[in-house]
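File shown here: query_39.cif, holding mmCIF, C-alpha atoms.
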```
data_coords
loop_
_atom_site.label_atom_id
_atom_site.label_comp_id
_atom_site.auth_asym_id
_atom_site.auth_seq_id
_atom_site.Cartn_x
_atom_site.Cartn_y
_atom_site.Cartn_z
CA MET C 1 -76.62 204.48 -120.33
CA ILE C 2 -77.01 207.69 -118.36
CA THR C 3 -79.72 207.82 -115.73
CA ASN C 4 -81.01 211.38 -115.63
CA LEU C 5 -82.15 211.46 -112.02
CA LEU C 6 -83.82 214.71 -111.05
CA ALA C 7 -82.87 216.68 -108.01
CA PRO C 8 -84.97 216.46 -104.85
CA ALA C 9 -88.08 218.62 -104.73
CA ALA C 10 -86.32 221.03 -102.34
CA PHE C 11 -83.66 222.24 -104.78
CA THR C 12 -82.33 225.07 -102.65
CA PHE C 13 -79.22 227.01 -103.62
CA SER C 14 -76.64 227.84 -100.99
CA VAL C 15 -74.85 231.16 -101.45
CA ILE C 16 -71.23 231.86 -100.55
CA LYS C 17 -70.39 235.52 -101.03
CA ASN C 18 -67.10 236.51 -102.62
CA PRO C 19 -64.98 238.34 -100.02
CA ALA C 20 -62.88 239.81 -102.86
CA ALA C 21 -65.84 241.13 -104.87
CA LYS C 22 -65.19 244.23 -106.95
CA SER C 23 -66.15 247.52 -105.37
CA ALA C 24 -68.88 249.60 -106.96
CA THR C 25 -66.22 251.95 -108.33
CA GLU C 26 -64.22 249.10 -109.86
CA ARG C 27 -67.35 247.56 -111.35
CA GLU C 28 -68.53 250.79 -112.91
CA ALA C 29 -65.11 251.34 -114.48
CA ILE C 30 -65.37 247.93 -116.12
CA LEU C 31 -68.96 248.50 -117.27
CA ALA C 32 -67.92 251.75 -118.94
CA ASN C 33 -65.95 249.74 -121.51
CA PRO C 34 -66.46 246.00 -120.99
CA GLY C 35 -65.68 244.69 -124.47
CA PHE C 36 -66.78 241.06 -124.83
CA GLY C 37 -65.66 238.13 -122.70
CA LYS C 38 -62.85 240.10 -121.04
CA TYR C 39 -64.22 240.60 -117.53
CA PHE C 40 -66.31 238.36 -115.30
CA THR C 41 -68.71 238.93 -112.43
CA ASP C 42 -67.91 238.13 -108.82
CA HIS C 43 -69.79 234.82 -108.58
CA MET C 44 -70.67 231.66 -110.48
CA VAL C 45 -73.19 228.84 -110.19
CA ASP C 46 -72.03 225.27 -109.56
CA ILE C 47 -74.33 222.21 -109.57
CA CYS C 48 -73.11 218.62 -109.28
CA TRP C 49 -74.46 215.50 -110.96
CA SER C 50 -73.68 211.84 -110.46
CA VAL C 51 -75.23 208.61 -111.63
CA ARG C 52 -76.18 207.69 -108.08
CA GLY C 53 -77.21 211.09 -106.76
CA GLY C 54 -78.64 212.92 -109.77
CA TRP C 55 -78.52 216.71 -109.65
CA HIS C 56 -77.47 217.92 -106.21
CA ARG C 57 -75.59 220.55 -104.17
CA PRO C 58 -76.67 223.66 -106.12
CA ARG C 59 -74.75 226.72 -105.02
CA VAL C 60 -73.60 230.20 -105.89
CA GLN C 61 -69.96 230.68 -105.02
CA PRO C 62 -67.10 233.09 -105.68
CA TYR C 63 -65.90 233.19 -109.28
CA GLY C 64 -62.56 231.46 -109.53
CA PRO C 65 -60.50 228.52 -110.81
CA ILE C 66 -62.08 225.08 -111.03
CA ALA C 67 -60.03 222.24 -109.53
CA LEU C 68 -59.69 219.30 -111.93
CA ASP C 69 -57.98 215.96 -111.57
CA PRO C 70 -55.48 215.44 -114.45
CA ALA C 71 -57.52 212.38 -115.39
CA ALA C 72 -60.82 214.30 -115.61
CA ALA C 73 -62.72 212.87 -118.57
CA VAL C 74 -63.30 216.26 -120.22
CA LEU C 75 -59.55 216.74 -120.69
CA HIS C 76 -59.19 213.48 -122.60
CA TYR C 77 -62.52 212.86 -124.34
CA ALA C 78 -63.96 216.41 -124.74
CA GLN C 79 -67.28 215.52 -123.15
CA GLU C 80 -68.63 219.05 -122.65
CA ILE C 81 -71.35 221.42 -123.84
CA PHE C 82 -72.27 225.07 -123.29
CA GLU C 83 -74.88 227.72 -123.96
CA GLY C 84 -74.90 231.46 -124.48
CA LEU C 85 -77.60 234.02 -123.73
CA LYS C 86 -77.88 237.54 -122.35
CA ALA C 87 -79.44 239.46 -119.50
CA TYR C 88 -80.84 242.87 -120.49
CA ARG C 89 -81.55 245.83 -118.25
CA HIS C 90 -84.79 247.55 -119.17
CA ALA C 91 -85.52 251.24 -118.73
CA ASP C 92 -87.19 250.68 -115.33
CA GLY C 93 -84.08 248.89 -114.03
CA SER C 94 -85.52 245.36 -114.20
CA ILE C 95 -83.43 242.51 -115.64
CA TRP C 96 -84.72 240.12 -118.31
CA SER C 97 -83.45 237.29 -120.47
CA PHE C 98 -84.59 236.34 -123.96
CA ARG C 99 -86.06 232.86 -124.48
CA PRO C 100 -83.99 231.07 -121.79
CA ASP C 101 -86.36 228.12 -122.04
CA ALA C 102 -85.17 227.64 -125.64
CA ASN C 103 -81.55 227.70 -124.48
CA ALA C 104 -82.41 225.13 -121.81
CA ARG C 105 -83.99 222.80 -124.38
CA ARG C 106 -81.06 223.21 -126.75
CA MET C 107 -78.67 222.38 -123.93
CA GLN C 108 -80.69 219.26 -123.24
CA ARG C 109 -80.37 218.22 -126.89
CA SER C 110 -76.63 218.90 -126.76
CA ALA C 111 -76.36 216.88 -123.55
CA LYS C 112 -78.14 213.93 -125.12
CA ARG C 113 -75.75 213.95 -128.10
CA LEU C 114 -72.67 214.16 -125.86
CA ALA C 115 -73.94 211.48 -123.43
CA LEU C 116 -74.28 214.00 -120.60
CA PRO C 117 -77.19 214.36 -118.14
CA GLU C 118 -80.01 216.67 -119.16
CA LEU C 119 -80.53 219.58 -116.76
CA PRO C 120 -84.28 220.24 -116.36
CA THR C 121 -85.47 223.55 -117.79
CA GLU C 122 -86.68 224.87 -114.44
CA TYR C 123 -83.23 224.32 -112.89
CA PHE C 124 -81.53 225.97 -115.86
CA ILE C 125 -83.64 229.13 -115.50
CA GLU C 126 -83.34 229.11 -111.71
CA SER C 127 -79.55 228.96 -112.01
CA LEU C 128 -79.67 232.21 -114.02
CA ARG C 129 -81.92 233.85 -111.45
CA GLN C 130 -79.66 232.80 -108.60
CA LEU C 131 -76.61 234.32 -110.26
CA ILE C 132 -78.46 237.55 -111.04
CA ALA C 133 -79.62 237.70 -107.41
CA VAL C 134 -76.02 238.26 -106.29
CA ASP C 135 -74.48 239.81 -109.43
CA GLY C 136 -77.38 241.84 -110.82
CA ASP C 137 -75.39 245.06 -110.45
CA TRP C 138 -73.13 243.77 -113.22
CA VAL C 139 -75.91 244.12 -115.82
CA PRO C 140 -75.00 247.36 -117.66
CA SER C 141 -77.56 249.98 -118.66
CA ALA C 142 -75.88 251.74 -121.60
CA PRO C 143 -77.49 251.27 -125.05
CA GLU C 144 -76.81 247.93 -126.75
CA THR C 145 -75.01 246.53 -123.69
CA SER C 146 -75.90 243.39 -121.73
CA LEU C 147 -74.60 240.74 -119.35
CA TYR C 148 -73.57 237.66 -121.31
CA LEU C 149 -74.48 234.44 -119.48
CA ARG C 150 -72.45 231.30 -120.17
CA PRO C 151 -73.91 228.05 -118.76
CA PHE C 152 -71.67 225.04 -119.38
CA MET C 153 -71.38 221.41 -118.36
CA PHE C 154 -68.52 218.94 -118.51
CA ALA C 155 -67.40 215.48 -117.45
CA LYS C 156 -65.48 215.83 -114.20
CA GLU C 157 -64.99 212.19 -113.27
CA ALA C 158 -61.36 211.11 -113.06
CA PHE C 159 -60.80 208.00 -115.18
CA LEU C 160 -59.21 206.87 -118.41
CA GLY C 161 -61.64 204.90 -120.53
CA VAL C 162 -64.00 205.73 -123.36
CA ARG C 163 -67.44 205.77 -121.74
CA PRO C 164 -69.86 208.43 -120.50
CA ALA C 165 -68.63 210.00 -117.29
CA GLU C 166 -70.55 209.24 -114.12
CA LYS C 167 -69.74 212.58 -112.46
CA VAL C 168 -70.54 215.89 -114.14
CA ASN C 169 -70.66 219.54 -113.10
CA TYR C 170 -72.80 222.36 -114.45
CA TYR C 171 -71.66 225.97 -114.08
CA VAL C 172 -72.86 229.44 -115.03
CA ILE C 173 -70.46 232.36 -115.36
CA ALA C 174 -71.27 235.86 -116.59
CA SER C 175 -69.43 238.58 -118.45
CA PRO C 176 -70.57 242.16 -119.16
CA ALA C 177 -70.76 242.86 -122.89
CA GLY C 178 -70.45 246.19 -124.64
CA ALA C 179 -72.12 247.12 -127.91
CA TYR C 180 -70.97 244.62 -130.57
CA PHE C 181 -70.78 247.31 -133.27
CA THR C 182 -69.24 250.28 -131.48
CA GLY C 183 -69.50 252.53 -134.55
CA GLY C 184 -72.90 251.32 -135.68
CA VAL C 185 -73.89 248.14 -137.50
CA ALA C 186 -71.68 247.64 -140.55
CA PRO C 187 -71.81 244.96 -143.29
CA VAL C 188 -68.93 242.47 -143.25
CA SER C 189 -67.02 240.31 -145.70
CA ILE C 190 -66.84 236.58 -145.04
CA TRP C 191 -64.58 233.81 -146.34
CA LEU C 192 -65.78 230.53 -147.84
CA SER C 193 -63.79 227.59 -146.50
CA THR C 194 -63.26 224.83 -149.06
CA ASN C 195 -60.44 223.06 -147.20
CA TYR C 196 -62.24 222.45 -143.93
CA ALA C 197 -65.68 221.27 -142.79
CA ARG C 198 -67.31 222.37 -139.56
CA ALA C 199 -69.08 219.07 -138.89
CA GLY C 200 -69.78 215.78 -140.64
CA LYS C 201 -72.93 213.75 -141.20
CA GLY C 202 -73.93 212.06 -137.97
CA GLY C 203 -71.43 214.17 -136.02
CA THR C 204 -71.93 216.80 -133.35
CA GLY C 205 -72.76 219.76 -135.60
CA ALA C 206 -76.24 220.19 -134.11
CA ALA C 207 -74.85 220.27 -130.55
CA LYS C 208 -73.29 223.31 -128.91
CA THR C 209 -70.02 221.68 -127.94
CA GLY C 210 -66.52 223.09 -127.86
CA GLY C 211 -65.10 220.66 -130.41
CA ASN C 212 -67.17 222.24 -133.17
CA TYR C 213 -65.62 225.62 -132.41
CA ALA C 214 -62.12 224.22 -132.05
CA SER C 215 -62.39 222.69 -135.51
CA SER C 216 -63.40 226.07 -136.96
CA LEU C 217 -60.41 228.01 -135.65
CA VAL C 218 -57.92 227.19 -138.40
CA ALA C 219 -60.54 228.12 -141.02
CA GLN C 220 -61.31 231.32 -139.11
CA ALA C 221 -57.62 232.22 -139.18
CA GLU C 222 -57.70 231.65 -142.94
CA ALA C 223 -60.61 234.09 -143.16
CA TYR C 224 -58.63 236.74 -141.27
CA ASP C 225 -55.71 236.22 -143.65
CA HIS C 226 -58.06 237.13 -146.52
CA GLY C 227 -59.38 240.24 -144.81
CA CYS C 228 -62.68 238.67 -143.75
CA ALA C 229 -64.49 238.86 -140.43
CA GLN C 230 -65.93 235.35 -140.42
CA VAL C 231 -65.76 231.98 -142.18
CA LEU C 232 -68.61 230.14 -143.90
CA PHE C 233 -68.64 226.35 -144.14
CA LEU C 234 -70.16 224.05 -146.74
CA ASP C 235 -71.55 220.59 -146.07
CA ALA C 236 -68.98 217.84 -145.53
CA VAL C 237 -70.58 215.32 -147.90
CA GLU C 238 -71.02 217.06 -151.26
CA GLY C 239 -69.31 220.35 -150.52
CA LYS C 240 -71.94 222.47 -152.27
CA TYR C 241 -74.59 223.27 -149.65
CA LEU C 242 -74.33 226.20 -147.25
CA GLU C 243 -74.08 225.21 -143.60
CA GLU C 244 -73.28 228.03 -141.17
CA LEU C 245 -70.57 230.42 -140.13
CA GLY C 246 -68.09 229.62 -137.40
CA GLY C 247 -70.57 230.76 -134.79
CA MET C 248 -73.62 232.16 -136.58
CA ASN C 249 -76.48 231.05 -138.83
CA ILE C 250 -76.99 232.54 -142.28
CA VAL C 251 -80.12 233.82 -144.05
CA LEU C 252 -80.67 234.90 -147.68
CA VAL C 253 -83.38 237.42 -148.55
CA LYS C 254 -84.93 237.16 -152.01
CA LYS C 255 -86.40 239.91 -154.15
CA ASP C 256 -89.95 238.76 -153.47
CA GLY C 257 -89.35 239.01 -149.69
CA THR C 258 -88.80 235.29 -149.07
CA LEU C 259 -86.23 234.46 -146.39
CA VAL C 260 -84.23 231.28 -147.03
CA THR C 261 -82.01 229.58 -144.45
CA PRO C 262 -80.00 226.35 -144.76
CA GLU C 263 -81.43 223.26 -143.12
CA SER C 264 -79.18 220.36 -142.12
CA ASP C 265 -78.75 217.92 -139.26
CA SER C 266 -75.22 219.28 -138.78
CA ILE C 267 -76.27 222.91 -138.17
CA LEU C 268 -76.80 224.31 -134.67
CA GLU C 269 -80.40 225.42 -134.27
CA GLY C 270 -80.06 229.16 -133.73
CA ILE C 271 -82.45 230.76 -131.24
CA THR C 272 -81.71 234.22 -132.65
CA ARG C 273 -82.26 232.95 -136.19
CA ASP C 274 -85.57 231.31 -135.30
CA SER C 275 -86.73 234.49 -133.58
CA ILE C 276 -85.79 236.65 -136.56
CA LEU C 277 -87.61 234.30 -138.93
CA GLN C 278 -90.70 234.38 -136.70
CA LEU C 279 -90.72 238.18 -136.78
CA ALA C 280 -90.41 238.11 -140.57
CA GLU C 281 -93.25 235.59 -140.81
CA ASP C 282 -95.37 237.85 -138.60
CA ARG C 283 -94.92 240.54 -141.25
CA GLY C 284 -96.16 238.20 -143.99
CA HIS C 285 -92.82 237.04 -145.38
CA THR C 286 -92.46 233.49 -146.64
CA ILE C 287 -89.86 231.41 -144.77
CA GLU C 288 -87.99 228.53 -146.40
CA ARG C 289 -85.83 226.14 -144.37
CA ARG C 290 -84.10 223.88 -146.87
CA LYS C 291 -80.82 222.97 -148.48
CA VAL C 292 -79.23 226.01 -150.12
CA THR C 293 -76.43 225.68 -152.63
CA LEU C 294 -73.55 228.09 -153.09
CA ASP C 295 -74.64 228.43 -156.72
CA GLU C 296 -78.08 229.65 -155.61
CA TRP C 297 -76.42 232.49 -153.73
CA ARG C 298 -74.05 233.32 -156.58
CA ASP C 299 -76.71 233.17 -159.29
CA GLY C 300 -79.22 235.00 -157.13
CA VAL C 301 -76.92 237.94 -156.55
CA ALA C 302 -76.01 238.06 -160.27
CA SER C 303 -79.66 238.06 -161.35
CA GLY C 304 -80.88 240.34 -158.57
CA ASP C 305 -83.05 237.59 -157.08
CA VAL C 306 -81.03 237.59 -153.82
CA THR C 307 -81.06 241.14 -152.48
CA GLU C 308 -79.77 240.77 -148.89
CA VAL C 309 -77.75 238.28 -146.87
CA PHE C 310 -77.17 238.34 -143.14
CA ALA C 311 -75.75 236.25 -140.32
CA CYS C 312 -77.34 236.01 -136.88
CA GLY C 313 -76.38 234.83 -133.43
CA THR C 314 -76.48 235.77 -129.75
CA ALA C 315 -73.43 238.03 -129.64
CA ALA C 316 -73.99 240.30 -132.65
CA VAL C 317 -77.74 239.59 -133.04
CA VAL C 318 -77.78 240.33 -136.80
CA THR C 319 -74.76 241.08 -139.00
CA PRO C 320 -75.30 242.18 -142.62
CA ILE C 321 -73.07 240.36 -145.13
CA ALA C 322 -71.82 242.47 -148.03
CA LEU C 323 -69.32 240.11 -149.68
CA LEU C 324 -68.51 236.41 -149.81
CA LYS C 325 -64.93 235.69 -150.87
CA GLY C 326 -63.44 232.35 -151.86
CA GLU C 327 -60.56 230.93 -153.84
CA GLY C 328 -60.79 232.80 -157.14
CA PHE C 329 -64.26 234.32 -156.77
CA GLU C 330 -66.35 236.94 -155.01
CA ILE C 331 -70.11 237.24 -154.52
CA GLY C 332 -71.43 240.69 -153.75
CA SER C 333 -69.53 243.89 -153.11
CA ALA C 334 -67.49 244.96 -150.09
CA ASP C 335 -69.09 248.42 -150.14
CA ALA C 336 -72.69 247.15 -150.38
CA PRO C 337 -74.95 248.78 -147.77
CA ALA C 338 -76.82 246.87 -145.11
CA GLY C 339 -80.16 245.54 -146.35
CA GLU C 340 -83.31 247.39 -145.35
CA LEU C 341 -85.16 244.27 -144.16
CA THR C 342 -82.04 243.01 -142.38
CA MET C 343 -81.75 246.18 -140.33
CA SER C 344 -85.48 246.44 -139.70
CA LEU C 345 -85.64 242.91 -138.29
CA ARG C 346 -82.56 243.53 -136.17
CA GLN C 347 -84.13 246.66 -134.73
CA GLU C 348 -87.39 244.89 -133.93
CA LEU C 349 -85.65 242.01 -132.18
CA THR C 350 -83.42 244.24 -130.06
CA ASP C 351 -86.41 246.44 -129.22
CA ILE C 352 -88.12 243.33 -127.82
CA GLN C 353 -85.03 242.25 -125.90
CA TYR C 354 -84.60 245.65 -124.26
CA GLY C 355 -88.31 246.07 -123.53
CA ARG C 356 -88.86 248.97 -125.91
CA VAL C 357 -91.81 247.31 -127.70
CA PRO C 358 -94.42 244.77 -126.57
CA ASP C 359 -93.30 241.15 -126.30
CA ARG C 360 -96.19 239.58 -128.18
CA HIS C 361 -94.61 236.09 -128.28
CA GLN C 362 -93.88 236.02 -124.54
CA TRP C 363 -90.18 235.49 -125.18
CA LEU C 364 -88.90 237.47 -122.18
CA THR C 365 -88.31 235.99 -118.74
CA ARG C 366 -87.61 238.25 -115.78
CA LEU C 367 -84.53 237.22 -113.80
CA ASP C 368 -84.46 239.67 -110.88
CA VAL C 369 -87.41 238.13 -109.06
#
```
As structure tokens, how would this structure be written, given the file I've shared?
Amino acid sequence: MITNLLAPAAFTFSVIKNPAAKSATEREAILANPGFGKYFTDHMVDICWSVRGGWHRPRVQPYGPIALDPAAAVLHYAQEIFEGLKAYRHADGSIWSFRPDANARRMQRSAKRLALPELPTEYFIESLRQLIAVDGDWVPSAPETSLYLRPFMFAKEAFLGVRPAEKVNYYVIASPAGAYFTGGVAPVSIWLSTNYARAGKGGTGAAKTGGNYASSLVAQAEAYDHGCAQVLFLDAVEGKYLEELGGMNIVLVKKDGTLVTPESDSILEGITRDSILQLAEDRGHTIERRKVTLDEWRDGVASGDVTEVFACGTAAVVTPIALLKGEGFEIGSADAPAGELTMSLRQELTDIQYGRVPDRHQWLTRLDV
């Protein structure tokens, strides 16, 4: 059983500056066209954990390779988790994140499922602030750009044996991200996987762990082969209920304005999805979180009862879905336009994230303080 000892009250980060940090000219050249996940900032956060010492030795250090013993538990038993969120530069130059406390809590739930120590929320948020304190210049200011923050944790103890590791490290790295839709938001086609399941009952589907994404890759390749941008999975038990895409949640919009999203213990709880649904509820829309069959989608589109479908997640925020393709069938039309409500909710959420409208739910946390 893991003992989640907290760090001492004086949890002070040491900072080691990177002597090979990019120059301002080099950095600006990268920020002009960063793509996604291609470039990384000059520093990273590293915090140790052990059964005996709890969380200790927090530091910001130069970005670079991590030394691992060949017997490190993560390499053999995949005991690891991660998170994903963004830092946004507002018009006044300040830097903010969106609901980092929710990411911290989700990481704690993932840690519990993977038998890893739970990093306290205040240390999670402080780790983001510490990285921004040295790498804040990497947060771009162009429209729809951001600095993607990737906290992750893995079993570092060197041993061969199936048990929870007694030594773990937590890191945060950051990567500048360009606009996801460079030519404007465009509806996509997605592929329904009937040969593969993303996660099984009682498995790790509700945790943000690499194994879930590894298991989706072959299905994602199948989607690409069929001209689709993403893959949608059904439940692993009956094979008839919608689960989620390879890395995004899904929402159906009905003619009467009701928003319906699949509910399952093998779906990752999406922070972007929950925020979008809250904004819709604020407008008076009914929200349904329940099991959703593939037939409900098919029949709803045929009858006109389902008028819009979209996917949502941290990277793209909201992606309209025009067409679902599967073996021998199609639902929707590849040239269908993006839904009006879909685009309106996307605009409202991004306006909050970038500080263009009031944050009435107090979702924003300032990082450059």
> Could you spell out the hits of the PyMOL selection byres ((chain C and resi 319) around 9) on the shown file, as a list of chain:residue names?
Replying inline: C:Val185, C:Ala186, C:Pro187, C:Val188, C:Val309, C:Phe310, C:Ala311, C:Cys312, C:Gly313, C:Ala316, C:Val317, C:Val318, C:Pro320, C:Ile321, C:Ala338, C:Thr342, C:Met343, C:Arg346
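Selection by the PyMOL selection byres ((chain C and resi 211) around 10) on the present file picks out Ala78, Gln79, Glu80, Ile81, Arg198, Ala199, Thr204, Gly205, Ala207, Lys208, Thr209, Gly210, Asn212, Tyr213, Ala214, Ser215 and Ser216 of chain C.
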>> Taking 4 positions as the minimum chain separation for residues in the same chain, which residues sit within 7 Å of C:Lys156 when counting only C-alpha atoms? Answer as a ChimeraX atom specification.
In response: /C:72-74,167-169
Could you list, as a CSV table (one decimal) with C-alpha atoms, in the coordinates of the input, every residue within 9 Å of stretch 272-284 of chain C, counting all atoms listed in the file and ignoring same-chain residues fewer than 2 positions away?
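The result, written out as result_6.csv:
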```
chain,number,residue,atom,x,y,z
C,248,MET,CA,-73.6,232.2,-136.6
C,249,ASN,CA,-76.5,231.0,-138.8
C,250,ILE,CA,-77.0,232.5,-142.3
C,251,VAL,CA,-80.1,233.8,-144.0
C,257,GLY,CA,-89.4,239.0,-149.7
C,259,LEU,CA,-86.2,234.5,-146.4
C,261,THR,CA,-82.0,229.6,-144.4
C,269,GLU,CA,-80.4,225.4,-134.3
C,270,GLY,CA,-80.1,229.2,-133.7
C,286,THR,CA,-92.5,233.5,-146.6
C,287,ILE,CA,-89.9,231.4,-144.8
C,311,ALA,CA,-75.8,236.2,-140.3
C,312,CYS,CA,-77.3,236.0,-136.9
C,313,GLY,CA,-76.4,234.8,-133.4
C,314,THR,CA,-76.5,235.8,-129.8
C,317,VAL,CA,-77.7,239.6,-133.0
C,318,VAL,CA,-77.8,240.3,-136.8
C,341,LEU,CA,-85.2,244.3,-144.2
C,345,LEU,CA,-85.6,242.9,-138.3
C,346,ARG,CA,-82.6,243.5,-136.2
C,348,GLU,CA,-87.4,244.9,-133.9
C,349,LEU,CA,-85.6,242.0,-132.2
```
> Of the candidates C:His56, C:Ser344, C:Phe98, C:Ala24, which one gets nearest to C:His361 if we count all atoms listed in the file?
Replying inline: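 Once distances to C:His361 are computed over all atoms listed in the file, the minimum belongs to C:Phe98.
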>> Which residues are near C:Lys22? Cut-off 12 Å, all atoms listed in the file, ignore same chain within fewer than 2 positions. Put them as a list in words.
In response: Lys17, Asn18, Pro19, Ala20, Ala24, Thr25, Glu26, Arg27, Glu28, Ala29, Ile30, Leu31, Tyr39, Phe40, Thr41, Asp42, His43, Pro62, Tyr63, Asp135, Asp137 and Trp138 of chain C
> For the atom pair atom CA of C:Gly64 and atom CA of C:Glu118, what is the interatomic distance in Å to one decimal place?
Replying inline: 24.8 Å
> Can you find the residues with an atom no farther than 6 Å from (-70.0, 247.0, -121.9), counting all atoms listed in the file, and report them as a PyMOL selection string?
Replying inline: chain C and resi 31-35+145+176-178
Residues of stretch 94-213 of chain C that have any atom at most 8 Å from an atom of stretch 221-234 of chain C: could you tabulate them with the shortest-distance atom pair and the distance in Å to one decimal, using all atoms listed in the file, ordered by chain and increasing number, as JSON lines?
```
{"residue": "C:Val188", "atom": "CA", "partner": "C:Ala229", "partner_atom": "CA", "distance": 6.4}
{"residue": "C:Ser189", "atom": "CA", "partner": "C:Cys228", "partner_atom": "CA", "distance": 5.0}
{"residue": "C:Ile190", "atom": "CA", "partner": "C:Cys228", "partner_atom": "CA", "distance": 4.8}
{"residue": "C:Trp191", "atom": "CA", "partner": "C:Val231", "partner_atom": "CA", "distance": 4.7}
{"residue": "C:Leu192", "atom": "CA", "partner": "C:Leu232", "partner_atom": "CA", "distance": 4.9}
{"residue": "C:Ser193", "atom": "CA", "partner": "C:Phe233", "partner_atom": "CA", "distance": 5.5}
{"residue": "C:Thr194", "atom": "CA", "partner": "C:Leu234", "partner_atom": "CA", "distance": 7.3}
{"residue": "C:Tyr196", "atom": "CA", "partner": "C:Phe233", "partner_atom": "CA", "distance": 7.5}
{"residue": "C:Ala197", "atom": "CA", "partner": "C:Phe233", "partner_atom": "CA", "distance": 6.0}
{"residue": "C:Arg198", "atom": "CA", "partner": "C:Phe233", "partner_atom": "CA", "distance": 6.2}
```
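In terms of minimum interatomic distance to C:Ser127, C:Ala104 ranks closest within C:Val51, C:Ala21, C:Ala104, C:Ile331, counting all atoms listed in the file.
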> Looking at all atoms listed in the file, which of C:Gln220, C:Gln108, C:Ser175, C:Thr12 is the one that sits closest to C:Leu85?
Replying inline: C:Ser175
>> I need the output of the PyMOL selection byres ((chain C and resi 288-297) around 8) for this file as a list of chain:residue names; which residues are they?
In response: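 Against this file, the PyMOL selection byres ((chain C and resi 288-297) around 8) returns the residues C:Lys240, C:Tyr241, C:Leu242, C:Leu252, C:Thr258, C:Leu259, C:Val260, C:Thr261, C:Pro262, C:Glu263, C:Ser264, C:Thr286, C:Ile287, C:Arg298, C:Asp299, C:Gly300, C:Val301, C:Val306, C:Ile331.
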>> As an exercise, work out the distance from atom CA of C:Tyr123 to atom CA of C:Gly355 in Å and give it to one decimal place.
In response: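 About the pair atom CA of C:Tyr123 and atom CA of C:Gly355: they are 24.7 Å apart.
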Coords for stretch 81-92 of chain C, N, CA, C and O atoms, as a compact mmCIF listing (two decimals), in the first residue's frame:
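As written to disk, part-v2.txt reads:
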```
# COMPACT_ATOMS: atom_id res chain seq x y z
N ILE C 81 1.50 8.06 -15.47
CA ILE C 81 0.32 8.86 -15.76
C ILE C 81 0.78 10.23 -16.26
O ILE C 81 1.95 10.60 -16.12
N PHE C 82 -0.14 10.99 -16.85
CA PHE C 82 0.22 12.34 -17.30
C PHE C 82 -1.02 13.21 -17.34
O PHE C 82 -2.14 12.75 -17.17
N GLU C 83 -0.78 14.50 -17.55
CA GLU C 83 -1.85 15.47 -17.70
C GLU C 83 -1.53 16.38 -18.87
O GLU C 83 -0.42 16.36 -19.41
N GLY C 84 -2.48 17.19 -19.27
CA GLY C 84 -2.27 18.15 -20.34
C GLY C 84 -3.13 19.37 -20.11
O GLY C 84 -4.35 19.25 -19.91
N LEU C 85 -2.52 20.54 -20.11
CA LEU C 85 -3.25 21.79 -19.98
C LEU C 85 -2.42 22.89 -20.65
O LEU C 85 -1.31 22.62 -21.13
N LYS C 86 -2.97 24.09 -20.72
CA LYS C 86 -2.29 25.16 -21.46
C LYS C 86 -2.12 26.41 -20.61
O LYS C 86 -2.89 26.67 -19.69
N ALA C 87 -1.09 27.17 -20.98
CA ALA C 87 -0.91 28.52 -20.45
C ALA C 87 -1.23 29.50 -21.57
O ALA C 87 -0.76 29.33 -22.70
N TYR C 88 -2.05 30.52 -21.24
CA TYR C 88 -2.53 31.47 -22.23
C TYR C 88 -2.01 32.87 -21.89
O TYR C 88 -2.06 33.28 -20.73
N ARG C 89 -1.54 33.58 -22.91
CA ARG C 89 -1.13 34.96 -22.69
C ARG C 89 -2.31 35.88 -23.00
O ARG C 89 -2.85 35.85 -24.10
N HIS C 90 -2.68 36.68 -22.02
CA HIS C 90 -3.78 37.62 -22.22
C HIS C 90 -3.27 38.91 -22.84
O HIS C 90 -2.06 39.13 -22.98
N ALA C 91 -4.19 39.76 -23.22
CA ALA C 91 -3.84 40.99 -23.95
C ALA C 91 -2.90 41.89 -23.17
O ALA C 91 -2.09 42.63 -23.76
N ASP C 92 -2.97 41.86 -21.84
CA ASP C 92 -2.09 42.72 -21.02
C ASP C 92 -0.73 42.07 -20.76
O ASP C 92 0.07 42.61 -20.00
```
